[in-house]
Amino acid sequence: MPSRIGKRDPEGYYVVVARRGIEPFLEGIGDIRIETLGDKVVIRTRSRNTALRILEIAEKKGLYYG
């Protein structure tokens with residue numbers, strides 16, 4: 001079964017790309033880096049479980065940029 005998230009980036013982070021507006025839903029999720037690029041939000045984390053949780057939130061809210 002293929003993973004819903006890709007491999008880590010060269011710096012060792014899992015990367016999830018979402019649409020702007022996801023930021024309020026990420027409050028309380030620790031150890032993430034958020035970078036806004038136009039209408040996209042790039043979220044990086046070293047934890048695979050955290051990346052999957054962010055992906056799930058983005059998909060449920062219709063904010064996944066994938």
# chains A, B, ... in the order shown; residues from 1 in each chain; ligands from 1
$ residues_around --residues "Lys40 (chain A)" --least-positions-apart "4" --cutoff "6 Å" --atoms "only C-alpha atoms" --output "ChimeraX atom specification"
/A:18-20,36
$ residues_around --residues "Ile29 (chain A)" --least-positions-apart "4" --cutoff "12 Å" --atoms "only C-alpha atoms" --output "list in words"
Glu23, Pro24, Phe25, Arg33, Ile34, Ile43, Arg44, Thr45, Ser47, Asn49, Thr50, Ala51, Leu52, Arg53, Ile54 and Ile57 of chain A
$ residues_around --residues "Arg46 (chain A)" --least-positions-apart "2" --cutoff "9 Å" --atoms "only C-alpha atoms" --output "ChimeraX atom specification"
/A:8,12-15,31-32,44,48,50-51
$ write_last_selection --atoms "N, CA, C and O atoms" --output "PDB file, in the first residue's frame"
ATOM      1  N   ARG A   8      11.043  12.061   2.769  1.00  0.00           N
ATOM      2  CA  ARG A   8      11.514  13.291   3.403  1.00  0.00           C
ATOM      3  C   ARG A   8      12.264  14.158   2.397  1.00  0.00           C
ATOM      4  O   ARG A   8      12.828  13.649   1.429  1.00  0.00           O
ATOM      5  N   GLY A  12      15.432  16.449   5.810  1.00  0.00           N
ATOM      6  CA  GLY A  12      14.880  15.472   6.733  1.00  0.00           C
ATOM      7  C   GLY A  12      13.461  15.751   7.189  1.00  0.00           C
ATOM      8  O   GLY A  12      12.982  15.148   8.141  1.00  0.00           O
ATOM      9  N   TYR A  13      12.754  16.648   6.506  1.00  0.00           N
ATOM     10  CA  TYR A  13      11.387  17.000   6.883  1.00  0.00           C
ATOM     11  C   TYR A  13      10.382  16.365   5.940  1.00  0.00           C
ATOM     12  O   TYR A  13      10.633  16.249   4.739  1.00  0.00           O
ATOM     13  N   TYR A  14       9.235  15.969   6.488  1.00  0.00           N
ATOM     14  CA  TYR A  14       8.092  15.611   5.661  1.00  0.00           C
ATOM     15  C   TYR A  14       7.414  16.917   5.288  1.00  0.00           C
ATOM     16  O   TYR A  14       7.320  17.833   6.099  1.00  0.00           O
ATOM     17  N   VAL A  15       6.932  17.025   4.061  1.00  0.00           N
ATOM     18  CA  VAL A  15       6.356  18.267   3.562  1.00  0.00           C
ATOM     19  C   VAL A  15       4.911  18.036   3.135  1.00  0.00           C
ATOM     20  O   VAL A  15       4.619  17.102   2.394  1.00  0.00           O
ATOM     21  N   ASP A  31       5.917  21.315  16.872  1.00  0.00           N
ATOM     22  CA  ASP A  31       7.099  21.013  16.063  1.00  0.00           C
ATOM     23  C   ASP A  31       6.827  21.007  14.557  1.00  0.00           C
ATOM     24  O   ASP A  31       7.126  20.042  13.861  1.00  0.00           O
ATOM     25  N   ILE A  32       6.222  22.102  14.077  1.00  0.00           N
ATOM     26  CA  ILE A  32       6.022  22.263  12.642  1.00  0.00           C
ATOM     27  C   ILE A  32       6.601  23.596  12.201  1.00  0.00           C
ATOM     28  O   ILE A  32       6.696  24.534  12.992  1.00  0.00           O
ATOM     29  N   ARG A  44       6.221  21.870   7.186  1.00  0.00           N
ATOM     30  CA  ARG A  44       7.287  20.877   7.327  1.00  0.00           C
ATOM     31  C   ARG A  44       7.321  20.362   8.763  1.00  0.00           C
ATOM     32  O   ARG A  44       7.181  21.126   9.705  1.00  0.00           O
ATOM     33  N   ARG A  48       6.515  11.738  11.061  1.00  0.00           N
ATOM     34  CA  ARG A  48       5.628  11.158  10.053  1.00  0.00           C
ATOM     35  C   ARG A  48       4.182  11.191  10.528  1.00  0.00           C
ATOM     36  O   ARG A  48       3.270  11.494   9.756  1.00  0.00           O
ATOM     37  N   THR A  50       2.788  13.311  12.597  1.00  0.00           N
ATOM     38  CA  THR A  50       2.308  14.685  12.529  1.00  0.00           C
ATOM     39  C   THR A  50       1.967  15.052  11.090  1.00  0.00           C
ATOM     40  O   THR A  50       0.938  15.678  10.824  1.00  0.00           O
ATOM     41  N   ALA A  51       2.802  14.649  10.141  1.00  0.00           N
ATOM     42  CA  ALA A  51       2.541  14.933   8.728  1.00  0.00           C
ATOM     43  C   ALA A  51       1.236  14.274   8.280  1.00  0.00           C
ATOM     44  O   ALA A  51       0.436  14.892   7.574  1.00  0.00           O
TER      45      ALA A  51
END
$ select_by_dssp --residues "chain A" --states "strand (DSSP E or B)" --output "number ranges by chain"
A: 14-19, 33-37, 40-45, 64
$ select_by_dssp --residues "chain A" --states "helix (DSSP H, G or I)" --output "PyMOL selection string"
chain A and resi 23-26+48-61
$ write_last_selection --atoms "all heavy atoms" --output "short mmCIF file (atom, residue, chain, number, x, y, z; two decimals), in the first residue's frame"
data_model
loop_
_atom_site.label_atom_id
_atom_site.label_comp_id
_atom_site.auth_asym_id
_atom_site.auth_seq_id
_atom_site.Cartn_x
_atom_site.Cartn_y
_atom_site.Cartn_z
N GLU A 23 -4.02 27.46 8.55
CA GLU A 23 -3.23 27.82 9.74
C GLU A 23 -4.01 27.71 11.05
O GLU A 23 -3.48 27.15 12.02
CB GLU A 23 -2.63 29.22 9.60
CG GLU A 23 -1.67 29.36 8.45
CD GLU A 23 -2.32 29.84 7.15
OE1 GLU A 23 -3.53 29.58 6.94
OE2 GLU A 23 -1.61 30.47 6.36
N PRO A 24 -5.26 28.21 11.14
CA PRO A 24 -5.98 28.08 12.42
C PRO A 24 -6.21 26.64 12.87
O PRO A 24 -6.28 26.36 14.06
CB PRO A 24 -7.32 28.77 12.16
CG PRO A 24 -7.12 29.61 10.97
CD PRO A 24 -6.02 28.97 10.17
N PHE A 25 -6.30 25.73 11.91
CA PHE A 25 -6.54 24.32 12.24
C PHE A 25 -5.27 23.61 12.73
O PHE A 25 -5.34 22.49 13.22
CB PHE A 25 -7.12 23.59 11.04
CG PHE A 25 -8.41 24.18 10.54
CD1 PHE A 25 -8.45 24.87 9.34
CD2 PHE A 25 -9.57 24.06 11.28
CE1 PHE A 25 -9.63 25.43 8.88
CE2 PHE A 25 -10.75 24.61 10.83
CZ PHE A 25 -10.79 25.30 9.63
N LEU A 26 -4.13 24.27 12.58
CA LEU A 26 -2.86 23.66 12.98
C LEU A 26 -2.42 24.10 14.38
O LEU A 26 -1.38 23.66 14.85
CB LEU A 26 -1.77 24.02 11.97
CG LEU A 26 -2.04 23.57 10.53
CD1 LEU A 26 -0.90 24.01 9.63
CD2 LEU A 26 -2.26 22.07 10.45
N ARG A 48 6.52 11.74 11.06
CA ARG A 48 5.63 11.16 10.05
C ARG A 48 4.18 11.19 10.53
O ARG A 48 3.27 11.49 9.76
CB ARG A 48 6.07 9.73 9.75
CG ARG A 48 5.33 9.08 8.62
CD ARG A 48 5.92 7.70 8.32
NE ARG A 48 5.47 7.16 7.07
CZ ARG A 48 4.27 6.64 6.88
NH1 ARG A 48 3.42 6.57 7.87
NH2 ARG A 48 3.92 6.18 5.69
N ASN A 49 3.95 10.88 11.80
CA ASN A 49 2.59 10.90 12.33
C ASN A 49 1.99 12.29 12.29
O ASN A 49 0.81 12.45 11.98
CB ASN A 49 2.56 10.36 13.77
CG ASN A 49 2.70 8.86 13.82
OD1 ASN A 49 2.38 8.17 12.86
ND2 ASN A 49 3.19 8.35 14.93
N THR A 50 2.79 13.31 12.60
CA THR A 50 2.31 14.69 12.53
C THR A 50 1.97 15.05 11.09
O THR A 50 0.94 15.68 10.82
CB THR A 50 3.35 15.66 13.10
OG1 THR A 50 3.60 15.32 14.47
CG2 THR A 50 2.87 17.10 13.02
N ALA A 51 2.80 14.65 10.14
CA ALA A 51 2.54 14.93 8.73
C ALA A 51 1.24 14.27 8.28
O ALA A 51 0.44 14.89 7.57
CB ALA A 51 3.71 14.45 7.87
N LEU A 52 1.00 13.05 8.70
CA LEU A 52 -0.24 12.37 8.35
C LEU A 52 -1.45 13.06 8.98
O LEU A 52 -2.50 13.17 8.35
CB LEU A 52 -0.19 10.90 8.78
CG LEU A 52 0.71 10.00 7.94
CD1 LEU A 52 0.86 8.63 8.59
CD2 LEU A 52 0.17 9.87 6.53
N ARG A 53 -1.30 13.53 10.20
CA ARG A 53 -2.38 14.25 10.87
C ARG A 53 -2.70 15.56 10.15
O ARG A 53 -3.86 15.89 9.94
CB ARG A 53 -1.99 14.53 12.34
CG ARG A 53 -3.16 14.85 13.21
CD ARG A 53 -2.80 14.65 14.66
NE ARG A 53 -2.45 15.95 15.21
CZ ARG A 53 -1.65 16.14 16.23
NH1 ARG A 53 -1.09 15.12 16.83
NH2 ARG A 53 -1.41 17.34 16.68
N ILE A 54 -1.67 16.29 9.73
CA ILE A 54 -1.86 17.53 8.98
C ILE A 54 -2.54 17.25 7.65
O ILE A 54 -3.46 17.96 7.24
CB ILE A 54 -0.52 18.26 8.79
CG1 ILE A 54 0.01 18.74 10.13
CG2 ILE A 54 -0.67 19.41 7.80
CD1 ILE A 54 1.45 19.20 10.10
N LEU A 55 -2.10 16.21 6.97
CA LEU A 55 -2.69 15.82 5.70
C LEU A 55 -4.17 15.49 5.87
O LEU A 55 -5.02 15.91 5.07
CB LEU A 55 -1.94 14.62 5.11
CG LEU A 55 -2.43 14.10 3.78
CD1 LEU A 55 -2.29 15.15 2.69
CD2 LEU A 55 -1.66 12.85 3.41
N GLU A 56 -4.49 14.77 6.91
CA GLU A 56 -5.88 14.41 7.19
C GLU A 56 -6.74 15.65 7.44
O GLU A 56 -7.85 15.77 6.92
CB GLU A 56 -5.94 13.48 8.40
CG GLU A 56 -7.31 12.95 8.71
CD GLU A 56 -7.28 11.97 9.87
OE1 GLU A 56 -6.56 10.98 9.77
OE2 GLU A 56 -7.99 12.24 10.87
N ILE A 57 -6.22 16.59 8.23
CA ILE A 57 -6.94 17.84 8.50
C ILE A 57 -7.16 18.60 7.20
O ILE A 57 -8.27 19.08 6.92
CB ILE A 57 -6.16 18.71 9.51
CG1 ILE A 57 -6.18 18.06 10.89
CG2 ILE A 57 -6.74 20.12 9.57
CD1 ILE A 57 -5.21 18.70 11.88
N ALA A 58 -6.12 18.73 6.39
CA ALA A 58 -6.22 19.47 5.14
C ALA A 58 -7.25 18.84 4.20
O ALA A 58 -8.03 19.55 3.56
CB ALA A 58 -4.85 19.55 4.46
N GLU A 59 -7.26 17.52 4.12
CA GLU A 59 -8.22 16.84 3.26
C GLU A 59 -9.64 17.03 3.75
O GLU A 59 -10.56 17.29 2.97
CB GLU A 59 -7.88 15.36 3.15
CG GLU A 59 -6.66 15.09 2.31
CD GLU A 59 -6.25 13.62 2.29
OE1 GLU A 59 -6.65 12.86 3.21
OE2 GLU A 59 -5.53 13.23 1.36
N LYS A 60 -9.86 16.92 5.06
CA LYS A 60 -11.21 17.07 5.62
C LYS A 60 -11.75 18.48 5.41
O LYS A 60 -12.94 18.67 5.19
CB LYS A 60 -11.20 16.74 7.11
CG LYS A 60 -11.19 15.27 7.41
CD LYS A 60 -11.28 15.02 8.89
CE LYS A 60 -11.26 13.55 9.20
NZ LYS A 60 -11.31 13.29 10.65
N LYS A 61 -10.88 19.47 5.49
CA LYS A 61 -11.30 20.88 5.36
C LYS A 61 -11.30 21.33 3.90
O LYS A 61 -11.63 22.48 3.61
CB LYS A 61 -10.38 21.79 6.18
CG LYS A 61 -10.33 21.45 7.66
CD LYS A 61 -11.67 21.66 8.31
CE LYS A 61 -11.59 21.34 9.80
NZ LYS A 61 -12.89 21.41 10.45
#
